[in-house]
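J.: I have a structure I would like to understand better, so I am pasting it below and will then ask my questions one at a time.
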Amino acid sequence: MRAQVAIIGGGPSGLLLSHILDLNGIGSIVLERKSKAYVLERIRAGVLEAGTVELLRQYGLGARMDREGHVHDGIRIKWPGYDTFLIDGHRFTGKTMMAYGQTQITEDLYSARETAGGHIVEEAEDVALHDLKSGRPYVTFLKEGKTQRVDCDFIAGCDGFHGVSRQSIPADARRAYERVYPFGWLGIMSETPPLDDIIYAYSERGFALASQRGPKLSRYYVQCPTTDSPEDWSDERFWHELKARFPADTAAKIVTGPSIEKSIAPLRSFVSEPMQYGALYLAGDAAHIVPPTGAKGLNLAVSDVFYLSRALRAFYADRRSDLLEAYSETALRRVWNAVRLSWWLTTLLHVFPGEDPFPAKLRRNEFDYLTRSEHAQATLAEQFVGLPF
Ligand code: APR
Ligand code: PHB
């Protein structure tokens, strides 16, 4: 097979990239290890920056999001002893955010690709990248027992944190920067009406989050030890702990019910630099991970795809390679901003096991300052709504 761009991974990054390239007359093949059904079952964060919302609309992917998504000025923070604090994106930037699940975005992307006749290979096993520096790169994979080969001009590594693309860059040509946090998030989905707002709660018992996926679908999380497993958490225990971390009046409004999904995600910050090697360009979780506090993961994937698609368009339409050469640096500038913001919000809102009283005092002071300083609020709001691409 032959494609201008071989895309490894059919998550949001890979699908969005192939969609935008197609609209610019650039052909691609997406190689996805799992089945479509499996990909669509993954549940992930669902808060979109203003720029992500605009980009999805611009590329014809906004119809269902605008129907089913929920517009928000920002996310609220509950802190014992304080009035509810709104990270007010709208007030400080004039922009709003959208609550819309990544699962739905992935469904929308799949159907857009199918409508356009896009080439997606599901269940592509043993994907391997070859001759990245040769000027004639290619990818091989196994499908139904047969080895297949895709010759291409470029390879986009959109295969997430555990993918093969990043690992295909020689170890001495990349560097990782990492923080693993000493806790995870236990998340549940329940078919109950959510609270009106998305709310982060800080308490001495740890962090909690109330979010939403639809008028009758709620998503909640509590900070938990990384050593816990979902079986340790009966629904009853979950709801009890969740409510204990919110102020009593908010807790009273939480409608409980049986969970339909329950899982634990560890929290980590990770960046691999550079995001390019020869013909290979990394995008999304393949190159970086942020903890979910701040909901930046998907938004970063979208900004990478924005820069990469723009650079490829400039290459094919105008024979310009300067944007491709600048891709890693351009994407990383925005990545590090989100890495810092996500780290900061995580540090502000979580209790670190075994800590002495000093960091708790600092957290409280930081939050207190935030509630009193318009400057601090503007800084946070601007980054939360999302810096421009
Ligand atoms: N070969 C082919 N496909 C692979 C391989 C491989 N060796 N390894 C992984 N994949 C596939 C995975 O099955 C997955 O469908 O690559 C896809 C990567 O998708 P995501 O992990 O969702 O990563 P990305 O598309 O960059 O999306 C980033 O996901 O984790 C969230 O918060 C993050 O919202 C952000 C988004
Ligand atoms: C979610 O809705 O799943 C969600 C919301 C906000 C976050 C993380 C996850 O920061």
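Simple scheme: letters A, B, ... for chains in structure tokens order, numbers from 1 for residues in each chain, numbers from 1 for ligands in the order shown.
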For the strand (DSSP E) assignment from backbone DSSP, which residues of range 180-363 of chain A qualify? Please present them as a ChimeraX atom specification.
T.: /A:180-190,199-201,208-214,217-224,259-273,276-277,280-282,288-289
J.: Could those residues be written to a file, using N, CA and C atoms, as a compact mmCIF listing (two decimals), in the first residue's frame?
T.:
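Below you can see selection_12.txt, which holds the result:
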# COMPACT_ATOMS: atom_id res chain seq x y z
N VAL A 180 5.55 10.99 38.55
CA VAL A 180 4.43 10.09 38.84
C VAL A 180 3.89 10.51 40.20
N TYR A 181 2.58 10.75 40.28
CA TYR A 181 2.00 11.25 41.53
C TYR A 181 1.63 10.05 42.41
N PRO A 182 1.70 10.26 43.73
CA PRO A 182 1.48 9.11 44.63
C PRO A 182 -0.01 8.85 44.90
N PHE A 183 -0.85 8.99 43.88
CA PHE A 183 -2.28 8.69 44.03
C PHE A 183 -2.90 8.52 42.65
N GLY A 184 -4.10 7.98 42.62
CA GLY A 184 -4.82 7.84 41.36
C GLY A 184 -6.20 8.47 41.48
N TRP A 185 -6.97 8.38 40.41
CA TRP A 185 -8.38 8.79 40.44
C TRP A 185 -9.24 7.55 40.22
N LEU A 186 -10.15 7.35 41.15
CA LEU A 186 -11.16 6.31 40.96
C LEU A 186 -12.36 7.00 40.32
N GLY A 187 -12.75 6.57 39.14
CA GLY A 187 -13.85 7.22 38.43
C GLY A 187 -15.03 6.30 38.28
N ILE A 188 -16.22 6.84 38.38
CA ILE A 188 -17.40 6.04 38.08
C ILE A 188 -18.34 6.80 37.13
N MET A 189 -19.09 6.01 36.39
CA MET A 189 -20.15 6.57 35.55
C MET A 189 -21.45 6.06 36.15
N SER A 190 -22.44 6.95 36.25
CA SER A 190 -23.73 6.46 36.75
C SER A 190 -24.87 7.13 35.98
N ILE A 199 -17.44 20.43 39.10
CA ILE A 199 -16.88 20.95 40.35
C ILE A 199 -15.69 20.11 40.82
N TYR A 200 -14.58 20.78 41.10
CA TYR A 200 -13.44 20.17 41.80
C TYR A 200 -13.63 20.45 43.29
N ALA A 201 -13.47 19.44 44.14
CA ALA A 201 -13.57 19.67 45.58
C ALA A 201 -12.27 19.29 46.26
N ALA A 208 -11.93 15.46 45.03
CA ALA A 208 -13.07 14.81 44.38
C ALA A 208 -13.53 15.68 43.22
N LEU A 209 -14.23 15.08 42.27
CA LEU A 209 -14.69 15.81 41.09
C LEU A 209 -16.08 15.33 40.68
N ALA A 210 -16.94 16.29 40.43
CA ALA A 210 -18.28 16.00 39.89
C ALA A 210 -18.33 16.50 38.46
N SER A 211 -18.60 15.58 37.52
CA SER A 211 -18.69 15.99 36.12
C SER A 211 -19.92 15.35 35.48
N GLN A 212 -20.05 15.50 34.19
CA GLN A 212 -21.29 15.11 33.52
C GLN A 212 -21.02 14.61 32.11
N ARG A 213 -21.90 13.79 31.63
CA ARG A 213 -21.80 13.32 30.25
C ARG A 213 -23.12 13.50 29.51
N GLY A 214 -24.16 13.91 30.21
CA GLY A 214 -25.46 14.12 29.58
C GLY A 214 -26.48 14.39 30.65
N LEU A 217 -26.60 11.29 32.74
CA LEU A 217 -25.36 10.52 32.86
C LEU A 217 -24.31 11.37 33.60
N SER A 218 -23.85 10.82 34.73
CA SER A 218 -22.90 11.57 35.56
C SER A 218 -21.56 10.87 35.60
N ARG A 219 -20.51 11.66 35.79
CA ARG A 219 -19.16 11.13 35.92
C ARG A 219 -18.58 11.73 37.20
N TYR A 220 -18.14 10.89 38.11
CA TYR A 220 -17.56 11.38 39.37
C TYR A 220 -16.21 10.70 39.62
N TYR A 221 -15.35 11.38 40.35
CA TYR A 221 -14.04 10.82 40.70
C TYR A 221 -13.70 11.13 42.16
N VAL A 222 -12.94 10.24 42.79
CA VAL A 222 -12.28 10.57 44.05
C VAL A 222 -10.80 10.17 43.96
N GLN A 223 -9.96 10.99 44.56
CA GLN A 223 -8.54 10.63 44.70
C GLN A 223 -8.45 9.38 45.56
N CYS A 224 -7.60 8.42 45.16
CA CYS A 224 -7.44 7.20 45.97
C CYS A 224 -5.99 6.72 45.89
N SER A 259 -23.36 2.16 39.75
CA SER A 259 -22.35 2.58 38.77
C SER A 259 -22.44 1.66 37.56
N ILE A 260 -22.20 2.23 36.37
CA ILE A 260 -22.17 1.37 35.17
C ILE A 260 -20.74 1.18 34.69
N GLU A 261 -19.81 1.87 35.33
CA GLU A 261 -18.39 1.71 35.00
C GLU A 261 -17.61 2.21 36.19
N LYS A 262 -16.50 1.54 36.48
CA LYS A 262 -15.68 1.94 37.62
C LYS A 262 -14.23 1.57 37.31
N SER A 263 -13.34 2.56 37.36
CA SER A 263 -11.93 2.24 37.07
C SER A 263 -11.01 3.21 37.79
N ILE A 264 -9.75 2.81 37.91
CA ILE A 264 -8.77 3.66 38.58
C ILE A 264 -7.68 4.04 37.58
N ALA A 265 -7.39 5.33 37.50
CA ALA A 265 -6.32 5.79 36.61
C ALA A 265 -5.21 6.41 37.45
N PRO A 266 -3.96 6.00 37.22
CA PRO A 266 -2.85 6.65 37.93
C PRO A 266 -2.64 8.05 37.37
N LEU A 267 -2.00 8.91 38.13
CA LEU A 267 -1.75 10.27 37.65
C LEU A 267 -0.28 10.46 37.34
N ARG A 268 0.00 10.99 36.17
CA ARG A 268 1.40 11.21 35.80
C ARG A 268 1.52 12.41 34.86
N SER A 269 2.70 13.05 34.95
CA SER A 269 3.09 14.06 33.96
C SER A 269 4.26 13.44 33.20
N PHE A 270 4.23 13.53 31.88
CA PHE A 270 5.28 12.91 31.08
C PHE A 270 5.42 13.67 29.77
N VAL A 271 6.65 13.99 29.42
CA VAL A 271 6.89 14.60 28.10
C VAL A 271 8.12 13.95 27.51
N SER A 272 8.02 13.54 26.25
CA SER A 272 9.17 13.00 25.53
C SER A 272 9.58 14.01 24.47
N GLU A 273 10.85 14.38 24.49
CA GLU A 273 11.35 15.37 23.53
C GLU A 273 12.49 14.77 22.70
N GLN A 276 9.77 14.76 17.14
CA GLN A 276 10.01 14.37 15.74
C GLN A 276 11.34 13.65 15.63
N TYR A 277 11.40 12.68 14.73
CA TYR A 277 12.65 11.99 14.42
C TYR A 277 12.57 11.53 12.97
N LEU A 280 9.23 10.67 11.25
CA LEU A 280 8.22 10.39 12.27
C LEU A 280 7.88 11.64 13.08
N TYR A 281 6.59 11.92 13.19
CA TYR A 281 6.09 13.04 13.99
C TYR A 281 5.12 12.49 15.02
N LEU A 282 5.38 12.77 16.30
CA LEU A 282 4.50 12.28 17.37
C LEU A 282 3.41 13.31 17.65
N HIS A 288 3.14 12.85 25.15
CA HIS A 288 3.00 13.48 26.48
C HIS A 288 1.73 13.04 27.19
N ILE A 289 1.84 13.04 28.51
CA ILE A 289 0.70 12.71 29.37
C ILE A 289 0.59 13.81 30.41
J.: Enumerate the residues of range 31-130 of chain A with a DSSP assignment of alpha helix (DSSP H), computed from the backbone, and present them as a VMD selection string.
T.: chain A and resid 36 to 41 50 to 58 63 to 68 89 to 93 102 to 115
J.: What is the CA of Gly278 in chain A to CA of Lys143 in chain A distance in Å?
T.: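 For CA of Gly278 in chain A relative to CA of Lys143 in chain A, the distance reads 26.2 Å.
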J.: Using only C-alpha atoms and all ligand atoms, can you tell me which of A:Gly160, A:Gly284, A:Gly74, A:Gly135 comes closest to ligand 2?
T.: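 Counting only C-alpha atoms and all ligand atoms, the residue closest to ligand 2 is A:Gly74.
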J.: Have a look at CA of Lys253 in chain A and CA of Ile198 in chain A and let me know their distance in Å, one decimal.
T.: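 Computed distance, CA of Lys253 in chain A to CA of Ile198 in chain A, equals 13.2 Å.
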